[in-house]
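Dropping coords.txt in here (compact mmCIF, C-alpha atoms):
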```txt
# COMPACT_ATOMS: atom_id res chain seq x y z
CA ALA A 16 24.88 68.39 -2.81
CA GLN A 17 22.97 68.75 -6.06
CA LYS A 18 22.02 72.20 -7.17
CA VAL A 19 20.94 74.15 -10.24
CA THR A 20 21.67 77.85 -10.50
CA GLN A 21 19.97 80.24 -12.89
CA ALA A 22 21.59 83.51 -12.02
CA GLN A 23 19.45 85.59 -14.40
CA THR A 24 16.19 86.39 -12.64
CA GLU A 25 14.69 88.45 -15.46
CA ILE A 26 15.74 89.25 -19.00
CA SER A 27 14.06 91.72 -21.31
CA VAL A 28 14.80 91.81 -25.03
CA VAL A 29 13.27 93.31 -28.11
CA GLU A 30 11.78 91.01 -30.71
CA LYS A 31 14.30 89.48 -33.13
CA GLU A 32 17.15 89.78 -30.69
CA ASP A 33 19.05 86.64 -29.72
CA VAL A 34 19.03 85.76 -26.04
CA THR A 35 20.93 83.21 -23.93
CA LEU A 36 19.64 81.81 -20.68
CA ASP A 37 22.33 80.50 -18.37
CA CYS A 38 22.23 77.34 -16.29
CA VAL A 39 24.97 76.04 -14.01
CA TYR A 40 24.59 72.80 -12.11
CA GLU A 41 26.35 70.89 -9.35
CA THR A 42 26.32 67.13 -8.93
CA ARG A 43 28.66 64.36 -7.92
CA ASP A 44 26.78 61.83 -10.01
CA THR A 45 28.46 60.62 -13.17
CA THR A 46 25.14 59.82 -14.78
CA TYR A 47 22.43 62.42 -14.91
CA TYR A 48 20.00 64.23 -17.16
CA LEU A 49 19.59 67.94 -17.71
CA PHE A 50 16.35 69.54 -18.80
CA TRP A 51 14.89 72.80 -19.93
CA TYR A 52 11.21 73.60 -19.40
CA LYS A 53 9.15 76.57 -20.51
CA GLN A 54 6.31 77.89 -18.37
CA PRO A 55 4.08 80.34 -20.25
CA PRO A 56 1.57 82.53 -18.41
CA SER A 57 -0.96 79.69 -18.53
CA GLY A 58 1.19 77.88 -15.95
CA GLU A 59 1.76 74.51 -17.57
CA LEU A 60 5.35 73.30 -17.77
CA VAL A 61 6.31 72.57 -21.36
CA PHE A 62 9.19 70.19 -21.93
CA LEU A 63 11.87 71.57 -24.27
CA ILE A 64 14.86 69.27 -24.08
CA ARG A 65 16.53 66.48 -22.13
CA ARG A 66 20.27 65.91 -22.35
CA ASN A 67 22.13 62.84 -21.14
CA SER A 68 25.37 63.52 -19.28
CA PHE A 69 27.23 61.27 -21.72
CA ASP A 70 26.27 63.35 -24.70
CA GLU A 71 27.98 66.72 -24.96
CA GLN A 72 26.90 67.46 -28.48
CA ASN A 73 25.14 70.75 -28.87
CA GLU A 74 21.60 70.58 -30.12
CA ILE A 75 19.56 72.84 -32.34
CA SER A 76 15.82 72.75 -32.78
CA GLY A 77 14.52 75.54 -34.97
CA ARG A 78 15.24 78.83 -33.20
CA TYR A 79 16.33 77.01 -30.04
CA SER A 80 19.82 75.73 -29.32
CA TRP A 81 21.52 74.28 -26.29
CA ASN A 82 25.19 74.33 -25.30
CA PHE A 83 26.16 71.60 -22.85
CA GLN A 84 29.67 71.94 -21.40
CA LYS A 85 30.57 69.38 -18.77
CA SER A 86 33.90 71.10 -18.06
CA THR A 87 32.09 74.15 -16.73
CA SER A 88 28.93 72.31 -15.55
CA SER A 89 26.79 74.51 -17.73
CA PHE A 90 23.79 73.88 -19.94
CA ASN A 91 22.89 77.16 -21.59
CA PHE A 92 19.87 77.80 -23.79
CA THR A 93 19.83 80.25 -26.69
CA ILE A 94 16.80 81.57 -28.52
CA THR A 95 17.64 83.05 -31.89
CA ALA A 96 15.48 85.81 -33.34
CA SER A 97 13.22 85.94 -30.30
CA GLN A 98 9.48 86.38 -30.65
CA VAL A 99 6.81 87.70 -28.30
CA VAL A 100 5.49 84.14 -27.92
CA ASP A 101 8.80 83.21 -26.31
CA SER A 102 7.87 85.30 -23.28
CA ALA A 103 7.73 82.88 -20.36
CA VAL A 104 9.60 81.60 -17.34
CA TYR A 105 12.28 79.10 -18.28
CA PHE A 106 13.50 76.47 -15.87
CA CYS A 107 16.63 74.40 -16.00
CA ALA A 108 16.54 71.12 -14.07
CA LEU A 109 18.81 68.24 -13.11
CA SER A 110 17.77 64.64 -12.63
CA PRO A 111 20.07 62.41 -10.58
CA LEU A 112 18.95 59.48 -12.63
CA ASP A 113 19.32 56.12 -11.02
CA TYR A 114 19.67 53.48 -13.64
CA GLY A 115 18.02 51.15 -11.18
CA GLY A 116 14.93 52.98 -12.36
CA ALA A 117 13.85 54.39 -9.05
CA THR A 118 12.81 57.93 -8.65
CA ASN A 119 13.91 60.47 -11.28
CA LYS A 120 13.20 63.41 -9.05
CA LEU A 121 14.03 66.75 -10.65
CA ILE A 122 16.07 69.50 -9.04
CA PHE A 123 15.05 72.84 -10.47
CA GLY A 124 16.72 76.18 -10.75
CA THR A 125 14.79 79.24 -9.67
CA GLY A 126 13.84 80.12 -13.22
CA THR A 127 14.48 83.02 -15.59
CA LEU A 128 11.63 85.27 -16.65
CA LEU A 129 12.07 86.22 -20.28
CA ALA A 130 10.09 89.16 -21.59
CA VAL A 131 10.20 89.74 -25.33
CA GLN A 132 8.97 93.19 -26.28
CA PRO A 133 7.42 93.81 -29.70
CA ASP B 2 0.54 61.41 -25.25
CA VAL B 3 0.90 60.94 -21.52
CA LYS B 4 -1.59 62.94 -19.61
CA VAL B 5 -1.33 64.07 -16.02
CA THR B 6 -4.55 65.56 -14.76
CA GLN B 7 -4.92 67.68 -11.66
CA SER B 8 -8.50 67.86 -10.50
CA SER B 9 -8.63 71.58 -9.76
CA ARG B 10 -7.04 74.54 -11.50
CA TYR B 11 -7.85 76.99 -8.72
CA LEU B 12 -8.77 76.37 -5.08
CA VAL B 13 -9.54 78.71 -2.22
CA LYS B 14 -9.57 77.20 1.27
CA ARG B 15 -9.77 78.51 4.80
CA THR B 16 -7.02 78.26 7.39
CA GLY B 17 -7.30 75.01 9.32
CA GLU B 18 -9.21 73.13 6.63
CA LYS B 19 -8.09 69.72 5.43
CA VAL B 20 -7.28 70.00 1.74
CA PHE B 21 -6.93 67.26 -0.86
CA LEU B 22 -5.18 67.85 -4.16
CA GLU B 23 -5.72 65.04 -6.62
CA CYS B 24 -3.53 63.92 -9.49
CA VAL B 25 -4.20 61.17 -12.03
CA GLN B 26 -1.92 59.87 -14.78
CA ASP B 27 -2.98 57.62 -17.62
CA MET B 28 0.24 55.95 -18.75
CA ASP B 29 1.00 53.42 -16.05
CA HIS B 30 4.03 55.36 -14.80
CA GLU B 31 5.75 54.01 -11.72
CA ASN B 32 6.84 57.32 -10.25
CA MET B 33 4.71 60.26 -9.21
CA PHE B 34 5.68 63.55 -7.64
CA TRP B 35 4.27 66.64 -5.98
CA TYR B 36 6.13 69.91 -6.37
CA ARG B 37 5.39 73.34 -5.03
CA GLN B 38 6.25 76.46 -7.04
CA ASP B 39 6.87 79.84 -5.46
CA PRO B 40 8.26 83.02 -7.04
CA GLY B 41 12.02 83.22 -6.72
CA LEU B 42 12.25 79.68 -5.36
CA GLY B 43 11.52 77.61 -8.44
CA LEU B 44 9.92 74.21 -7.98
CA ARG B 45 10.58 72.29 -4.80
CA LEU B 46 9.81 68.63 -4.23
CA ILE B 47 7.30 67.89 -1.47
CA TYR B 48 6.79 64.13 -1.73
CA PHE B 49 7.22 61.41 -4.31
CA SER B 50 6.12 57.83 -4.75
CA TYR B 51 7.76 55.05 -6.73
CA ASP B 52 5.06 52.44 -6.27
CA VAL B 53 1.58 51.93 -4.88
CA LYS B 54 1.48 52.62 -1.14
CA MET B 55 5.14 53.72 -1.22
CA LYS B 56 6.10 57.30 -0.48
CA GLU B 57 9.25 59.26 0.20
CA LYS B 58 9.74 62.73 1.60
CA GLY B 59 11.11 65.35 -0.68
CA ASP B 60 12.80 68.58 0.29
CA ILE B 61 9.85 70.31 1.98
CA PRO B 62 7.42 67.70 3.38
CA GLU B 63 6.43 69.56 6.55
CA GLY B 64 2.72 70.22 6.74
CA TYR B 65 1.91 67.76 3.97
CA SER B 66 1.13 64.09 3.56
CA VAL B 67 0.39 61.94 0.52
CA SER B 68 -1.59 58.89 -0.46
CA ARG B 69 -1.10 56.45 -3.31
CA GLU B 70 -3.67 53.68 -3.11
CA LYS B 71 -3.75 53.10 -6.87
CA LYS B 72 -0.94 53.35 -9.37
CA GLU B 73 -2.59 56.07 -11.41
CA ARG B 74 -3.57 58.36 -8.54
CA PHE B 75 -1.38 60.38 -6.18
CA SER B 76 -3.02 62.68 -3.65
CA LEU B 77 -1.43 65.52 -1.72
CA ILE B 78 -3.03 66.27 1.64
CA LEU B 79 -2.74 69.42 3.68
CA GLU B 80 -3.86 68.25 7.11
CA SER B 81 -4.53 71.77 8.40
CA ALA B 82 -4.06 74.40 5.74
CA SER B 83 -2.12 77.51 6.61
CA THR B 84 -1.59 80.76 4.74
CA ASN B 85 2.06 79.90 4.05
CA GLN B 86 0.84 76.99 1.97
CA THR B 87 -0.66 79.36 -0.57
CA SER B 88 1.18 78.36 -3.71
CA MET B 89 1.08 76.66 -7.11
CA TYR B 90 1.17 72.87 -6.79
CA LEU B 91 2.37 70.74 -9.69
CA CYS B 92 2.02 67.01 -10.02
CA ALA B 93 4.25 64.93 -12.29
CA SER B 94 4.72 61.34 -13.30
CA SER B 95 7.72 59.59 -14.79
CA PHE B 96 9.15 56.32 -15.95
CA SER B 97 12.57 55.11 -16.88
CA LEU B 98 13.67 51.83 -18.38
CA ALA B 99 17.08 50.86 -17.01
CA GLY B 100 19.67 50.30 -19.68
CA THR B 101 17.51 51.60 -22.53
CA GLY B 102 17.81 55.33 -22.14
CA LYS B 103 14.06 55.54 -22.35
CA TYR B 104 12.77 58.13 -19.98
CA GLY B 105 9.67 60.22 -19.69
CA TYR B 106 8.59 62.98 -17.34
CA THR B 107 5.25 64.78 -17.60
CA PHE B 108 3.71 67.55 -15.53
CA GLY B 109 0.11 68.40 -14.88
CA SER B 110 -1.17 71.91 -15.47
CA GLY B 111 -1.01 72.86 -11.80
CA THR B 112 -3.38 73.79 -8.99
CA ARG B 113 -3.18 77.31 -7.65
CA LEU B 114 -4.16 77.08 -3.99
CA THR B 115 -5.01 80.12 -1.92
CA VAL B 116 -5.42 79.71 1.83
CA VAL B 117 -7.27 82.59 3.49
```

Can the structure in the file be given as structure tokens, please?
Amino acid sequence: AQKVTQAQTEISVVEKEDVTLDCVYETRDTTYYLFWYKQPPSGELVFLIRRNSFDEQNEISGRYSWNFQKSTSSFNFTITASQVVDSAVYFCALSPLDYGGATNKLIFGTGTLLAVQP
Amino acid sequence: DVKVTQSSRYLVKRTGEKVFLECVQDMDHENMFWYRQDPGLGLRLIYFSYDVKMKEKGDIPEGYSVSREKKERFSLILESASTNQTSMYLCASSFSLAGTGKYGYTFGSGTRLTVV
């Protein structure tokens, strides 16, 4: 079975604090993609990152960084020096990508609500 | 940029009505999806389509049907709306090119449906 678990339902931090959002996944596929999406109060899902299962290098983009560890099936997301504009629901997702190019359906975690207080 | 457009941002319908949610994408993507989002449950896949007139059930298809008569348009149909179908509905489209690593996945802005 394929599953994504985001155990943190809600996190509240004060501005400028660092915060890590956890994501643990389960899959038997050897080839897959992992994603993080941000959903601000407006409701639209904003793509943040896609990581191929073959690439375990950590990635940094400005204040955002991602730690992919295949050994523990985790793909955690860290925001450094958080800001009020980071307040949103964050979703981790898994795509059992078929290189035959078929469906790419996403399996989502239940999301983590991040509240950044001024 | 790829754009996925959902025709309505907010909808209020009565129990028993037939409801159509429309989704259009402008980048010739093969795959289209309908997800439902509920608090504490994340996004769950209702139906998807990988080609015109082709459809596959997702994880929660009961009470829904879909139509894909043209590549760019994917409609979600609630045959007889019920209050437990009150939710946020998100459409998405995607492509992938086998062997290239090229992959794209784009969501619409969502339709918040209330059934009263």

May I have the residues of chain B within 12 Å of chain A, counting only C-alpha atoms, written as a ChimeraX atom specification? /B:5-7,10-11,30-52,55-60,89-113

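The gap separating CA of Ser88 in chain B from CA of Arg69 in chain B is 22.0 Å, in Å to one decimal.
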
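When only C-alpha atoms are used to compute distances to Val67 in chain B, the closest of the residues B:Leu79, B:Val13, B:Val116, B:Val25 turns out to be B:Leu79.
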
Please identify all polymer residues within 6 Å of range 96-101 of chain A, counting all atoms listed in the file, omitting same-chain residues fewer than 3 positions from it, and present them as a PDB file with C-alpha atoms, keeping the file's coordinate frame.
```pdb
ATOM      1  CA  GLU A  30      11.780  91.010 -30.710  1.00  0.00           C
ATOM      2  CA  LYS A  31      14.300  89.480 -33.130  1.00  0.00           C
ATOM      3  CA  GLU A  32      17.150  89.780 -30.690  1.00  0.00           C
ATOM      4  CA  ASP A  33      19.050  86.640 -29.720  1.00  0.00           C
ATOM      5  CA  VAL A 131      10.200  89.740 -25.330  1.00  0.00           C
TER       6      VAL A 131
END
```

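The nearest approach to Leu49 in chain A among the residues A:Leu109, A:Ala130, A:Ala16, A:Val34, with only C-alpha atoms taken into account, belongs to A:Leu109.
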
Given all atoms listed in the file as the counted atoms, nearest of A:Val29, A:Ile64, A:Ile75, A:Val39 to Leu129 in chain A: A:Val29

What's the separation between CA of Asp70 in chain A and CA of Ser86 in chain A, in Å to one decimal place? 12.7 Å

Kindly compute an axis-aligned box around the listed atoms of range 96-113 of chain A, allowing 6 Å on each side, and express its centre and edge lengths in Å to one decimal as JSON.
```
{"center_x": 12.8, "center_y": 71.9, "center_z": -22.0, "size_x": 26.6, "size_y": 43.6, "size_z": 34.8}
```

Between CA of Lys53 in chain A and CA of Lys72 in chain B lies a distance of 27.7 Å

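Proximity ranking of B:Gly17, B:Leu12, B:Lys54, B:Lys4 relative to Ser81 in chain B places B:Gly17 first, based on all atoms listed in the file.
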
Could you list, as a PyMOL selection string, every residue within 6 Å of Ala103 in chain A, counting all atoms listed in the file and ignoring same-chain residues fewer than 6 positions away? chain A and resi 54-55+128-129

Keeping only C-alpha atoms, write the selected residues to a file as a PDB file, in the frame of the given file.
```pdb
ATOM      1  CA  GLN A  54       6.310  77.890 -18.370  1.00  0.00           C
ATOM      2  CA  PRO A  55       4.080  80.340 -20.250  1.00  0.00           C
ATOM      3  CA  LEU A 128      11.630  85.270 -16.650  1.00  0.00           C
ATOM      4  CA  LEU A 129      12.070  86.220 -20.280  1.00  0.00           C
TER       5      LEU A 129
END
```

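Candidate residues A:Phe92, A:Phe83, A:Pro111, A:Ala22 were compared for distance to Tyr52 in chain A, and the nearest is A:Phe92, using only C-alpha atoms.
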
What would range 30-41 of chain A look like with all heavy atoms in place, written as a PDB file, in the coordinates of the input?
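For reference, rebuild-v2.pdb as written:
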```
ATOM      1  N   GLU A  30      12.003  92.051 -29.709  1.00  0.00           N
ATOM      2  CA  GLU A  30      11.780  91.010 -30.710  1.00  0.00           C
ATOM      3  C   GLU A  30      12.896  90.998 -31.746  1.00  0.00           C
ATOM      4  O   GLU A  30      13.399  92.031 -32.155  1.00  0.00           O
ATOM      5  CB  GLU A  30      10.433  91.261 -31.405  1.00  0.00           C
ATOM      6  CG  GLU A  30       9.718  90.003 -31.829  1.00  0.00           C
ATOM      7  CD  GLU A  30       8.290  90.264 -32.284  1.00  0.00           C
ATOM      8  OE1 GLU A  30       7.936  91.435 -32.521  1.00  0.00           O
ATOM      9  OE2 GLU A  30       7.557  89.286 -32.407  1.00  0.00           O
ATOM     10  N   LYS A  31      13.272  89.779 -32.139  1.00  0.00           N
ATOM     11  CA  LYS A  31      14.300  89.480 -33.130  1.00  0.00           C
ATOM     12  C   LYS A  31      15.711  89.485 -32.558  1.00  0.00           C
ATOM     13  O   LYS A  31      16.651  89.100 -33.263  1.00  0.00           O
ATOM     14  CB  LYS A  31      14.227  90.416 -34.347  1.00  0.00           C
ATOM     15  CG  LYS A  31      12.928  90.267 -35.117  1.00  0.00           C
ATOM     16  CD  LYS A  31      12.916  91.110 -36.375  1.00  0.00           C
ATOM     17  CE  LYS A  31      11.566  90.999 -37.082  1.00  0.00           C
ATOM     18  NZ  LYS A  31      11.463  91.872 -38.251  1.00  0.00           N
ATOM     19  N   GLU A  32      15.842  89.897 -31.337  1.00  0.00           N
ATOM     20  CA  GLU A  32      17.150  89.780 -30.690  1.00  0.00           C
ATOM     21  C   GLU A  32      17.407  88.326 -30.316  1.00  0.00           C
ATOM     22  O   GLU A  32      16.480  87.560 -30.052  1.00  0.00           O
ATOM     23  CB  GLU A  32      17.195  90.612 -29.404  1.00  0.00           C
ATOM     24  CG  GLU A  32      17.453  92.078 -29.593  1.00  0.00           C
ATOM     25  CD  GLU A  32      17.651  92.763 -28.253  1.00  0.00           C
ATOM     26  OE1 GLU A  32      18.307  92.198 -27.367  1.00  0.00           O
ATOM     27  OE2 GLU A  32      17.118  93.877 -28.094  1.00  0.00           O
ATOM     28  N   ASP A  33      18.676  87.938 -30.255  1.00  0.00           N
ATOM     29  CA  ASP A  33      19.050  86.640 -29.720  1.00  0.00           C
ATOM     30  C   ASP A  33      19.222  86.777 -28.205  1.00  0.00           C
ATOM     31  O   ASP A  33      19.643  87.827 -27.708  1.00  0.00           O
ATOM     32  CB  ASP A  33      20.378  86.163 -30.321  1.00  0.00           C
ATOM     33  CG  ASP A  33      20.313  85.982 -31.831  1.00  0.00           C
ATOM     34  OD1 ASP A  33      19.179  85.980 -32.386  1.00  0.00           O
ATOM     35  OD2 ASP A  33      21.379  85.844 -32.459  1.00  0.00           O
ATOM     36  N   VAL A  34      18.905  85.713 -27.487  1.00  0.00           N
ATOM     37  CA  VAL A  34      19.030  85.760 -26.040  1.00  0.00           C
ATOM     38  C   VAL A  34      19.519  84.406 -25.522  1.00  0.00           C
ATOM     39  O   VAL A  34      19.117  83.362 -26.036  1.00  0.00           O
ATOM     40  CB  VAL A  34      17.680  86.147 -25.375  1.00  0.00           C
ATOM     41  CG1 VAL A  34      16.569  85.182 -25.746  1.00  0.00           C
ATOM     42  CG2 VAL A  34      17.802  86.267 -23.868  1.00  0.00           C
ATOM     43  N   THR A  35      20.410  84.435 -24.529  1.00  0.00           N
ATOM     44  CA  THR A  35      20.930  83.210 -23.930  1.00  0.00           C
ATOM     45  C   THR A  35      20.570  83.161 -22.462  1.00  0.00           C
ATOM     46  O   THR A  35      20.815  84.124 -21.720  1.00  0.00           O
ATOM     47  CB  THR A  35      22.460  83.117 -24.095  1.00  0.00           C
ATOM     48  OG1 THR A  35      22.767  83.001 -25.490  1.00  0.00           O
ATOM     49  CG2 THR A  35      23.003  81.888 -23.368  1.00  0.00           C
ATOM     50  N   LEU A  36      19.991  82.046 -22.072  1.00  0.00           N
ATOM     51  CA  LEU A  36      19.640  81.810 -20.680  1.00  0.00           C
ATOM     52  C   LEU A  36      20.677  80.863 -20.085  1.00  0.00           C
ATOM     53  O   LEU A  36      20.941  79.792 -20.626  1.00  0.00           O
ATOM     54  CB  LEU A  36      18.233  81.180 -20.586  1.00  0.00           C
ATOM     55  CG  LEU A  36      17.128  81.904 -21.345  1.00  0.00           C
ATOM     56  CD1 LEU A  36      15.796  81.200 -21.133  1.00  0.00           C
ATOM     57  CD2 LEU A  36      17.037  83.366 -20.947  1.00  0.00           C
ATOM     58  N   ASP A  37      21.240  81.265 -18.967  1.00  0.00           N
ATOM     59  CA  ASP A  37      22.330  80.500 -18.370  1.00  0.00           C
ATOM     60  C   ASP A  37      21.833  79.491 -17.339  1.00  0.00           C
ATOM     61  O   ASP A  37      20.859  79.746 -16.623  1.00  0.00           O
ATOM     62  CB  ASP A  37      23.321  81.457 -17.676  1.00  0.00           C
ATOM     63  CG  ASP A  37      23.985  82.414 -18.650  1.00  0.00           C
ATOM     64  OD1 ASP A  37      24.112  82.053 -19.843  1.00  0.00           O
ATOM     65  OD2 ASP A  37      24.373  83.510 -18.228  1.00  0.00           O
ATOM     66  N   CYS A  38      22.535  78.370 -17.279  1.00  0.00           N
ATOM     67  CA  CYS A  38      22.230  77.340 -16.290  1.00  0.00           C
ATOM     68  C   CYS A  38      23.537  76.694 -15.858  1.00  0.00           C
ATOM     69  O   CYS A  38      24.295  76.205 -16.715  1.00  0.00           O
ATOM     70  CB  CYS A  38      21.288  76.298 -16.876  1.00  0.00           C
ATOM     71  SG  CYS A  38      21.000  74.879 -15.801  1.00  0.00           S
ATOM     72  N   VAL A  39      23.793  76.700 -14.564  1.00  0.00           N
ATOM     73  CA  VAL A  39      24.970  76.040 -14.010  1.00  0.00           C
ATOM     74  C   VAL A  39      24.492  75.025 -12.988  1.00  0.00           C
ATOM     75  O   VAL A  39      23.591  75.316 -12.197  1.00  0.00           O
ATOM     76  CB  VAL A  39      25.913  77.071 -13.342  1.00  0.00           C
ATOM     77  CG1 VAL A  39      27.062  76.358 -12.645  1.00  0.00           C
ATOM     78  CG2 VAL A  39      26.447  78.049 -14.377  1.00  0.00           C
ATOM     79  N   TYR A  40      25.064  73.835 -13.008  1.00  0.00           N
ATOM     80  CA  TYR A  40      24.590  72.800 -12.110  1.00  0.00           C
ATOM     81  C   TYR A  40      25.742  72.217 -11.300  1.00  0.00           C
ATOM     82  O   TYR A  40      26.910  72.351 -11.674  1.00  0.00           O
ATOM     83  CB  TYR A  40      23.875  71.695 -12.895  1.00  0.00           C
ATOM     84  CG  TYR A  40      24.773  70.967 -13.870  1.00  0.00           C
ATOM     85  CD1 TYR A  40      25.435  69.800 -13.505  1.00  0.00           C
ATOM     86  CD2 TYR A  40      24.966  71.458 -15.167  1.00  0.00           C
ATOM     87  CE1 TYR A  40      26.274  69.149 -14.388  1.00  0.00           C
ATOM     88  CE2 TYR A  40      25.811  70.814 -16.049  1.00  0.00           C
ATOM     89  CZ  TYR A  40      26.456  69.667 -15.666  1.00  0.00           C
ATOM     90  OH  TYR A  40      27.294  69.026 -16.542  1.00  0.00           O
ATOM     91  N   GLU A  41      25.378  71.583 -10.200  1.00  0.00           N
ATOM     92  CA  GLU A  41      26.350  70.890  -9.350  1.00  0.00           C
ATOM     93  C   GLU A  41      25.818  69.490  -9.077  1.00  0.00           C
ATOM     94  O   GLU A  41      24.667  69.320  -8.675  1.00  0.00           O
ATOM     95  CB  GLU A  41      26.514  71.607  -8.004  1.00  0.00           C
ATOM     96  CG  GLU A  41      27.086  73.003  -8.086  1.00  0.00           C
ATOM     97  CD  GLU A  41      27.063  73.679  -6.718  1.00  0.00           C
ATOM     98  OE1 GLU A  41      27.157  72.978  -5.693  1.00  0.00           O
ATOM     99  OE2 GLU A  41      26.926  74.924  -6.679  1.00  0.00           O
TER     100      GLU A  41
END
```
